[in-house]
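One structure below.
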Amino acid sequence: MKIPNSELVGRIIREKLKETGVVRSQQELGSIVQKELEKVDSSFHITPERARRIAIEVPDVKVTIETRKSESDKPEKCPACNGDLKTLYAKNLDEEKIQVGFMCEGCGYHGDVEEFMPMRYIFMITRD
Ligand SMILES: [Zn+2]
């Protein structure tokens, strides 16, 4: 397994977004990029998370987050130890505070909120 450099990945993301217009989830972006990478070298591997992080850095690519459900969809208790969960926040590109994950104060378990509620990243090209 080989890790592609971010410049190559960024170039692929930009090219594919120019073709497809909009990509509506991190998973989809990941699989598009993975497919293209395999054309270059079949041992390249990328996770959807890394593809998303690189996409954010690419000029002319806009990444937004779409949340469709309320915060109440996060698990009530830690799935590992049943302890209390602390919500983690971040700001999106519009400077709005959004819930991105949670952490257990008891055992340190943390999760990405995307696993538990439909929160989607949207990727698009702003200029071609
Ligand atoms: Zn815990």
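Naming works like this for the structure tokens: A, B, ... for the chains as they're shown, residue 1 at the start of each chain, ligands 1 onward in shown order.
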Taking only C-alpha atoms and all ligand atoms into account, report as a PDB file with N, CA and C atoms, in the first residue's frame which residues have an atom no farther than 7 Å from an atom of ligand 1.
ATOM      1  N   CYS A  78     -21.795   6.795  26.252  1.00  0.00           N
ATOM      2  CA  CYS A  78     -20.625   6.249  25.579  1.00  0.00           C
ATOM      3  C   CYS A  78     -20.863   4.787  25.187  1.00  0.00           C
ATOM      4  N   PRO A  79     -20.656   4.465  23.895  1.00  0.00           N
ATOM      5  CA  PRO A  79     -20.851   3.072  23.467  1.00  0.00           C
ATOM      6  C   PRO A  79     -19.811   2.115  24.063  1.00  0.00           C
ATOM      7  N   ALA A  80     -18.714   2.655  24.558  1.00  0.00           N
ATOM      8  CA  ALA A  80     -17.674   1.792  25.130  1.00  0.00           C
ATOM      9  C   ALA A  80     -17.888   1.521  26.622  1.00  0.00           C
ATOM     10  N   CYS A  81     -18.137   2.586  27.391  1.00  0.00           N
ATOM     11  CA  CYS A  81     -18.204   2.387  28.849  1.00  0.00           C
ATOM     12  C   CYS A  81     -19.504   2.901  29.458  1.00  0.00           C
ATOM     13  N   ASN A  82     -20.405   3.424  28.613  1.00  0.00           N
ATOM     14  CA  ASN A  82     -21.682   3.952  29.082  1.00  0.00           C
ATOM     15  C   ASN A  82     -21.553   5.233  29.903  1.00  0.00           C
ATOM     16  N   GLY A  83     -20.404   5.895  29.798  1.00  0.00           N
ATOM     17  CA  GLY A  83     -20.196   7.161  30.507  1.00  0.00           C
ATOM     18  C   GLY A  83     -20.858   8.325  29.788  1.00  0.00           C
ATOM     19  N   CYS A 104     -15.929  10.812  25.246  1.00  0.00           N
ATOM     20  CA  CYS A 104     -16.360  10.310  26.539  1.00  0.00           C
ATOM     21  C   CYS A 104     -15.418  10.829  27.605  1.00  0.00           C
ATOM     22  N   GLU A 105     -15.980  11.402  28.657  1.00  0.00           N
ATOM     23  CA  GLU A 105     -15.136  11.943  29.712  1.00  0.00           C
ATOM     24  C   GLU A 105     -14.591  10.838  30.607  1.00  0.00           C
ATOM     25  N   GLY A 106     -15.213   9.682  30.547  1.00  0.00           N
ATOM     26  CA  GLY A 106     -14.756   8.575  31.358  1.00  0.00           C
ATOM     27  C   GLY A 106     -13.575   7.825  30.759  1.00  0.00           C
ATOM     28  N   CYS A 107     -13.749   7.292  29.551  1.00  0.00           N
ATOM     29  CA  CYS A 107     -12.715   6.419  28.985  1.00  0.00           C
ATOM     30  C   CYS A 107     -11.949   7.062  27.841  1.00  0.00           C
ATOM     31  N   GLY A 108     -12.349   8.254  27.411  1.00  0.00           N
ATOM     32  CA  GLY A 108     -11.621   8.919  26.336  1.00  0.00           C
ATOM     33  C   GLY A 108     -12.077   8.484  24.950  1.00  0.00           C
ATOM     34  N   TYR A 109     -13.057   7.599  24.877  1.00  0.00           N
ATOM     35  CA  TYR A 109     -13.602   7.207  23.566  1.00  0.00           C
ATOM     36  C   TYR A 109     -14.066   8.453  22.835  1.00  0.00           C
TER      37      TYR A 109
END
For this session: Enumerate, as a PyMOL selection string, the complete set of residues in range 5-104 of chain A that a backbone-based DSSP assignment places in strand (DSSP E or B).
Result: chain A and resi 22-23+44+61-67+77+84-91+97-104
For this session: May I have the residues within 7 Å of range 18-25 of chain A as a list of chain:residue names, using only C-alpha atoms and disregarding those fewer than 2 positions away in the same chain?
Result: A:Arg14, A:Glu15, A:Lys16, A:Gln27, A:Glu28, A:Leu29, A:Arg120, A:Tyr121, A:Ile122, A:Phe123, A:Met124, A:Ile125, A:Asp128
Exercise. Expressed in Å to a single decimal, how great is the separation between CA of Tyr89 in chain A and CA of Glu76 in chain A?
Worked result: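 Straight-line distance from CA of Tyr89 in chain A to CA of Glu76 in chain A works out to 16.6 Å.
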For this session: Mind listing the alpha helix (DSSP H) residues of range 30-126 of chain A, per DSSP on the backbone, as JSON, numbers by chain?
Result: {"A": [30, 31, 32, 33, 34, 35, 36, 37, 38, 39, 40, 48, 49, 50, 51, 52, 53, 54, 55, 56, 57]}
Excluding Val9 in chain A and residues on its chain fewer than 4 positions from it, collect all residues at most 8 Å away from it, counting only C-alpha atoms, and give them as a PDB file with N, CA and C atoms, in the first residue's frame.
ATOM      1  N   PRO A   4      -0.503   8.285  -1.497  1.00  0.00           N
ATOM      2  CA  PRO A   4      -0.279   9.309  -2.520  1.00  0.00           C
ATOM      3  C   PRO A   4      -0.018  10.678  -1.884  1.00  0.00           C
ATOM      4  N   ASN A   5       0.817  11.488  -2.487  1.00  0.00           N
ATOM      5  CA  ASN A   5       1.045  12.816  -1.908  1.00  0.00           C
ATOM      6  C   ASN A   5      -0.152  13.733  -2.138  1.00  0.00           C
ATOM      7  N   ILE A  13      -8.779  15.662  -7.338  1.00  0.00           N
ATOM      8  CA  ILE A  13     -10.045  16.195  -6.811  1.00  0.00           C
ATOM      9  C   ILE A  13     -10.540  17.339  -7.693  1.00  0.00           C
ATOM     10  N   VAL A  33     -11.731   9.442  -5.861  1.00  0.00           N
ATOM     11  CA  VAL A  33     -10.285   9.682  -5.816  1.00  0.00           C
ATOM     12  C   VAL A  33      -9.527   8.351  -5.824  1.00  0.00           C
ATOM     13  N   LEU A  37      -6.702   7.192  -8.471  1.00  0.00           N
ATOM     14  CA  LEU A  37      -5.351   6.876  -7.998  1.00  0.00           C
ATOM     15  C   LEU A  37      -4.900   5.512  -8.508  1.00  0.00           C
ATOM     16  N   ALA A  51      -9.055  12.368   1.849  1.00  0.00           N
ATOM     17  CA  ALA A  51      -9.468  13.037   0.613  1.00  0.00           C
ATOM     18  C   ALA A  51     -10.210  14.331   0.944  1.00  0.00           C
ATOM     19  N   ILE A  54      -7.772  17.040   2.210  1.00  0.00           N
ATOM     20  CA  ILE A  54      -7.003  17.617   1.107  1.00  0.00           C
ATOM     21  C   ILE A  54      -7.895  18.536   0.268  1.00  0.00           C
TER      22      ILE A  54
END
Problem set entry | Nearest-residue call for Ser43 in chain A, choices A:Leu85, A:Met103, A:Ile3, A:Val58, using only C-alpha atoms | A:Ile3
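Closest to Glu36 in chain A among A:Leu8, A:Met1, A:Ala90, A:Ile98 is A:Leu8, based on only C-alpha atoms.
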Exercise. CA of Gly30 in chain A and CA of Glu66 in chain A are how many Å apart?
Worked result: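 Distance between the two atoms: 17.4 Å.
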